[in-house]
$ cat coords-v4.cif   # mmCIF, C-alpha atoms
data_coords
loop_
_atom_site.label_atom_id
_atom_site.label_comp_id
_atom_site.auth_asym_id
_atom_site.auth_seq_id
_atom_site.Cartn_x
_atom_site.Cartn_y
_atom_site.Cartn_z
CA MET A 1 -24.14 140.06 -12.88
CA CYS A 2 -27.30 142.22 -13.02
CA THR A 3 -30.22 140.50 -14.68
CA GLY A 4 -30.85 143.64 -16.75
CA SER A 5 -27.28 143.67 -18.07
CA CYS A 6 -27.52 139.96 -18.85
CA ALA A 7 -30.76 140.53 -20.78
CA LYS A 8 -29.13 143.32 -22.77
CA CYS A 9 -26.29 141.01 -23.79
CA LEU A 10 -28.82 138.43 -24.95
CA GLY A 11 -30.70 141.07 -26.94
CA ILE A 12 -27.50 142.21 -28.65
CA THR A 13 -26.81 138.60 -29.65
CA LEU A 14 -30.34 137.85 -30.86
CA ILE A 15 -30.58 140.76 -33.32
CA PRO A 16 -27.76 139.68 -35.68
CA LEU A 17 -29.00 136.08 -35.46
CA ALA A 18 -32.48 137.21 -36.49
CA ILE A 19 -31.06 139.18 -39.44
CA LEU A 20 -28.99 136.19 -40.57
CA CYS A 21 -32.05 133.93 -40.38
CA LEU A 22 -34.00 136.39 -42.51
CA LEU A 23 -31.24 136.40 -45.12
CA CYS A 24 -30.95 132.60 -45.17
CA ASN A 25 -34.68 132.18 -45.76
CA ILE A 26 -34.64 134.82 -48.50
CA LEU A 27 -31.71 133.10 -50.23
CA LEU A 28 -33.64 129.83 -50.22
CA PHE A 29 -36.12 131.46 -52.61
CA PHE A 30 -33.26 131.41 -55.16
CA PRO A 31 -32.41 127.70 -55.58
CA GLY A 32 -28.74 127.29 -56.30
CA GLY A 33 -28.41 131.07 -56.30
CA LEU A 34 -30.63 131.37 -59.37
CA VAL A 35 -34.09 132.83 -59.94
CA ALA A 36 -36.62 130.00 -60.05
CA ASP A 37 -38.58 129.65 -63.30
CA ASN A 38 -41.63 128.53 -61.36
CA ASN A 39 -42.73 128.80 -57.75
CA ASP A 40 -43.24 125.04 -57.79
CA HIS A 41 -39.47 124.71 -58.22
CA ILE A 42 -38.89 126.12 -54.74
CA THR A 43 -38.82 123.64 -51.86
CA ASP A 44 -42.13 123.60 -49.97
CA GLU A 45 -40.54 124.27 -46.56
CA VAL A 46 -39.16 127.58 -47.80
CA TRP A 47 -42.75 128.84 -48.09
CA TYR A 48 -43.35 128.18 -44.40
CA PHE A 49 -41.10 131.20 -43.68
CA GLY A 50 -39.38 129.61 -40.71
CA GLY A 51 -36.38 131.93 -40.99
CA ILE A 52 -38.38 135.03 -41.92
CA PHE A 53 -41.18 134.90 -39.34
CA GLY A 54 -40.06 132.32 -36.77
CA SER A 55 -36.40 133.13 -36.21
CA GLY A 56 -36.54 136.52 -37.91
CA VAL A 57 -39.36 139.00 -37.39
CA LEU A 58 -40.78 137.22 -34.34
CA MET A 59 -37.34 137.25 -32.70
CA ILE A 60 -36.86 141.01 -33.12
CA PHE A 61 -39.53 141.80 -30.51
CA PRO A 62 -37.95 139.77 -27.68
CA ALA A 63 -34.52 141.15 -28.62
CA LEU A 64 -35.74 144.76 -28.38
CA VAL A 65 -37.44 144.04 -25.04
CA PHE A 66 -34.26 142.48 -23.66
CA LEU A 67 -32.22 145.45 -24.83
CA GLY A 68 -34.56 147.88 -23.10
CA LEU A 69 -34.40 146.18 -19.70
CA LYS A 70 -31.02 147.69 -18.86
CA ASN A 71 -32.39 151.23 -19.30
CA ASN A 72 -34.94 150.82 -16.51
CA ASP A 73 -34.29 152.15 -13.02
CA CYS A 74 -32.13 149.53 -11.34
CA CYS A 75 -32.66 150.58 -7.73
CA GLY A 76 -36.40 150.86 -8.12
CA CYS A 77 -36.80 147.13 -7.58
CA CYS A 78 -34.58 146.56 -4.57
CA GLY A 79 -37.16 147.10 -1.87
CA ASN A 80 -38.16 150.63 -2.83
CA GLU A 81 -41.71 151.67 -3.73
CA SER A 82 -41.20 151.45 -7.48
CA CYS A 83 -41.35 147.91 -8.79
CA GLY A 84 -41.24 148.76 -12.47
CA LYS A 85 -38.08 146.75 -12.93
CA ARG A 86 -39.64 143.58 -11.56
CA PHE A 87 -42.62 144.04 -13.87
CA ALA A 88 -40.25 144.59 -16.80
CA MET A 89 -38.41 141.38 -15.99
CA PHE A 90 -41.74 139.54 -15.74
CA THR A 91 -42.71 140.90 -19.16
CA SER A 92 -39.39 139.66 -20.55
CA ILE A 93 -40.40 136.11 -19.56
CA ILE A 94 -43.45 136.37 -21.83
CA PHE A 95 -41.39 137.69 -24.73
CA ALA A 96 -38.76 135.01 -24.10
CA ALA A 97 -41.53 132.41 -24.46
CA ILE A 98 -42.58 134.02 -27.74
CA GLY A 99 -38.96 133.82 -28.88
CA VAL A 100 -38.76 130.14 -27.97
CA VAL A 101 -41.93 129.41 -29.95
CA GLY A 102 -40.70 131.36 -32.99
CA ALA A 103 -37.23 129.83 -33.00
CA GLY A 104 -38.67 126.39 -32.26
CA TYR A 105 -40.92 126.70 -35.30
CA SER A 106 -37.90 127.55 -37.45
CA VAL A 107 -35.94 124.61 -36.03
CA ILE A 108 -38.76 122.17 -36.83
CA ILE A 109 -39.19 123.49 -40.39
CA SER A 110 -35.43 123.35 -40.99
CA ALA A 111 -35.13 119.81 -39.63
CA VAL A 112 -37.99 118.62 -41.85
CA ALA A 113 -36.45 120.36 -44.89
CA ILE A 114 -33.03 118.82 -44.26
CA ASN A 115 -34.53 115.36 -43.83
CA ARG A 116 -36.68 115.67 -46.96
CA GLY A 117 -34.08 117.30 -49.19
CA PRO A 118 -34.65 119.82 -52.00
CA ILE A 119 -36.98 119.67 -54.93
CA CYS A 120 -35.02 119.45 -58.18
CA GLN A 121 -35.12 118.34 -61.79
CA ILE A 122 -34.27 114.67 -62.15
CA LYS A 123 -33.23 112.59 -65.15
CA ASN A 124 -36.63 112.28 -66.79
CA GLY A 125 -36.98 116.07 -66.80
CA THR A 126 -39.61 116.24 -64.07
CA TRP A 127 -39.31 118.12 -60.79
CA ALA A 128 -39.51 115.98 -57.68
CA TYR A 129 -38.06 115.22 -54.25
CA PRO A 130 -35.67 112.36 -55.10
CA PHE A 131 -34.41 111.65 -51.59
CA ASN A 132 -36.00 109.62 -48.81
CA GLU A 133 -35.66 110.10 -45.05
CA GLY A 134 -32.39 112.01 -45.28
CA ASN A 135 -30.58 109.23 -47.14
CA TYR A 136 -28.63 111.80 -49.16
CA LEU A 137 -26.97 113.16 -46.02
CA SER A 138 -24.68 110.16 -45.60
CA ASN A 139 -24.42 109.23 -49.27
CA HIS A 140 -23.21 112.11 -51.44
CA ASP A 141 -23.34 109.89 -54.52
CA LEU A 142 -27.11 110.39 -54.49
CA TRP A 143 -26.68 114.11 -55.09
CA ILE A 144 -26.22 113.51 -58.81
CA GLN A 145 -29.91 112.64 -59.01
CA CYS A 146 -30.54 116.40 -58.94
CA GLU A 147 -29.57 117.71 -62.35
CA LYS A 148 -30.96 121.23 -61.96
CA PRO A 149 -30.53 123.72 -60.40
CA ILE A 150 -26.78 123.20 -60.25
CA ASP A 151 -25.48 122.68 -56.70
CA ILE A 152 -29.01 122.78 -55.30
CA VAL A 153 -28.25 120.08 -52.71
CA PRO A 154 -25.35 121.86 -50.96
CA TRP A 155 -27.25 125.15 -51.28
CA HIS A 156 -30.33 123.67 -49.63
CA LEU A 157 -28.37 121.77 -46.99
CA THR A 158 -26.11 124.67 -46.03
CA LEU A 159 -28.84 127.29 -45.64
CA PHE A 160 -31.28 125.06 -43.78
CA SER A 161 -28.46 123.81 -41.55
CA MET A 162 -27.62 127.41 -40.71
CA LEU A 163 -31.26 128.08 -39.90
CA LEU A 164 -31.37 124.97 -37.73
CA ALA A 165 -28.20 125.89 -35.82
CA MET A 166 -29.16 129.53 -35.31
CA GLY A 167 -32.67 128.53 -34.28
CA LEU A 168 -31.27 126.23 -31.60
CA VAL A 169 -29.05 129.05 -30.33
CA GLN A 170 -32.06 131.37 -30.21
CA VAL A 171 -34.07 128.80 -28.27
CA ALA A 172 -31.22 128.46 -25.77
CA LEU A 173 -30.82 132.24 -25.38
CA CYS A 174 -34.54 132.85 -24.93
CA GLY A 175 -34.75 129.95 -22.50
CA PHE A 176 -31.89 131.43 -20.52
CA GLN A 177 -33.63 134.80 -20.47
CA ALA A 178 -36.80 133.16 -19.17
CA ILE A 179 -34.78 131.86 -16.21
CA ASN A 180 -33.03 135.23 -15.90
CA GLY A 181 -36.43 136.94 -15.95
CA ILE A 182 -37.78 134.71 -13.19
CA ILE A 183 -34.77 135.56 -11.03
CA GLY A 184 -35.19 139.26 -11.79
CA THR A 185 -38.92 139.12 -11.02
CA ILE A 186 -38.46 137.37 -7.69
CA CYS A 187 -35.25 138.95 -6.45
CA GLY A 188 -35.23 142.26 -8.29
CA ASP A 189 -32.47 143.42 -10.59
CA CYS A 190 -28.88 143.85 -9.33
CA CYS A 191 -29.66 144.35 -5.66
CA GLY A 192 -25.98 144.29 -4.96
CA CYS A 193 -25.34 147.34 -7.07
CA CYS A 194 -28.30 149.10 -5.52
CA GLY A 195 -26.97 148.38 -2.10
CA SER A 196 -23.55 149.68 -3.04
CA SER A 197 -25.02 152.84 -4.53
CA GLU A 198 -27.00 153.44 -1.35
CA GLY A 199 -23.90 152.99 0.72
CA ALA A 200 -22.08 155.48 -1.46
#
$ encode --input "coords-v4.cif" --output "structure tokens"
Amino acid sequence: MCTGSCAKCLGITLIPLAILCLLCNILLFFPGGLVADNNDHITDEVWYFGGIFGSGVLMIFPALVFLGLKNNDCCGCCGNESCGKRFAMFTSIIFAAIGVVGAGYSVIISAVAINRGPICQIKNGTWAYPFNEGNYLSNHDLWIQCEKPIDIVPWHLTLFSMLLAMGLVQVALCGFQAINGIIGTICGDCCGCCGSSEGA
């Protein structure tokens, strides 16, 4: 498979993932699906914008670069004078690294948020983080400690879990493109198809 075509497939996959991460992070600004009365009632990790910047905006740039690789001249990097394709593949390695950093940031923020749990109103009427070291994950009976917002625990857990899972997928895809980019830089892109076109 041509390295340019492979990169394009990765780019096509990364764009919807980035959009979904953006949406998940935005939804987290509405605890339990409701408008927060106070910014202090929004979990701290939401303000780190892991899904908006890390797995969202920062991931769009690598995705667009990967998509554009297929449009470059394929045969220009199979021993001919033009080596634009090899340079493009080398550039994709840099953007893949940026993608790994962005998605990795989102993964770390999501993991911390899941382990810490959401901020919520507890029995005495104050807002606090009632859970310790992810103890609520295996004991759902603890969820009743959060009185408001309603269903804040499943809301928090679901959205941050989605961010965590999608971030891991993005890290894997960008890591794969880094390897793909190294192959494309060293060997050129789809030499087999260049050779067949020359024979034709």
$ atom_distance --input "coords-v4.cif" --atom1 "atom CA of A:Asn115" --atom2 "atom CA of A:Leu157"
9.4 Å
$ resolve_selection --input "coords-v4.cif" --expression "the PyMOL selection byres ((chain A and resi 18-29) around 6)" --output "ChimeraX atom specification"
/A:15-17,30-31,51-52,55-56,159,163
$ closest_residue --input "coords-v4.cif" --among "A:Ala88, A:Val153, A:Ala165, A:Ile186" --to "A:Asp141" --atoms "all atoms listed in the file"
A:Val153
$ residues_around --input "coords-v4.cif" --residues "A:Gly32" --least-positions-apart "5" --cutoff "7 Å" --atoms "only C-alpha atoms" --output "compact mmCIF listing (two decimals) with C-alpha atoms, keeping the file's coordinate frame"
# COMPACT_ATOMS: atom_id res chain seq x y z
CA PRO A 149 -30.53 123.72 -60.40
CA ILE A 150 -26.78 123.20 -60.25
CA ASP A 151 -25.48 122.68 -56.70
CA ILE A 152 -29.01 122.78 -55.30
CA TRP A 155 -27.25 125.15 -51.28
$ closest_residue --input "coords-v4.cif" --among "A:Gly33, A:Gly104, A:Pro62, A:Gly184" --to "A:Gly11" --atoms "all atoms listed in the file"
A:Pro62
$ residues_near_point --input "coords-v4.cif" --point "(-40.9, 140.8, -19.5)" --cutoff "12 Å" --atoms "all atoms listed in the file" --output "ChimeraX atom specification"
/A:3-4,7,61-69,84-99,174,177-185
$ atom_distance --input "coords-v4.cif" --atom1 "atom CA of A:Phe131" --atom2 "atom CA of A:Arg116"
6.5 Å
$ residues_near_point --input "coords-v4.cif" --point "(-37.3, 108.7, -48.0)" --cutoff "12 Å" --atoms "only C-alpha atoms" --output "ChimeraX atom specification"
/A:112,114-117,129-137
$ atom_distance --input "coords-v4.cif" --atom1 "atom CA of A:Met162" --atom2 "atom CA of A:Cys120"
20.6 Å
$ closest_residue --input "coords-v4.cif" --among "A:Ala172, A:Ile42, A:Val101, A:Met59" --to "A:Ile119" --atoms "all atoms listed in the file"
A:Ile42
$ residues_around --input "coords-v4.cif" --residues "A:Gln145" --least-positions-apart "3" --cutoff "8 Å" --atoms "only C-alpha atoms" --output "number ranges by chain"
A: 122-123, 130, 142
$ resolve_selection --input "coords-v4.cif" --expression "the PyMOL selection byres ((chain A and resi 164) around 8)" --output "PyMOL selection string"
chain A and resi 106-108+110-111+160-163+165-168
$ closest_residue --input "coords-v4.cif" --among "A:Cys146, A:Ala128, A:Cys9, A:Val171" --to "A:Ala103" --atoms "only C-alpha atoms"
A:Val171
$ axis_aligned_box --input "coords-v4.cif" --around "stretch 82-101 of chain A" --padding-each-side "8 Å" --output "lines of an AutoDock Vina configuration file"
center_x = -40.8
center_y = 140.4
center_z = -18.7
size_x = 21.4
size_y = 38.0
size_z = 38.5
$ closest_residue --input "coords-v4.cif" --among "A:Cys187, A:Gly125, A:His156, A:Phe176" --to "A:Cys6" --atoms "only C-alpha atoms"
A:Phe176
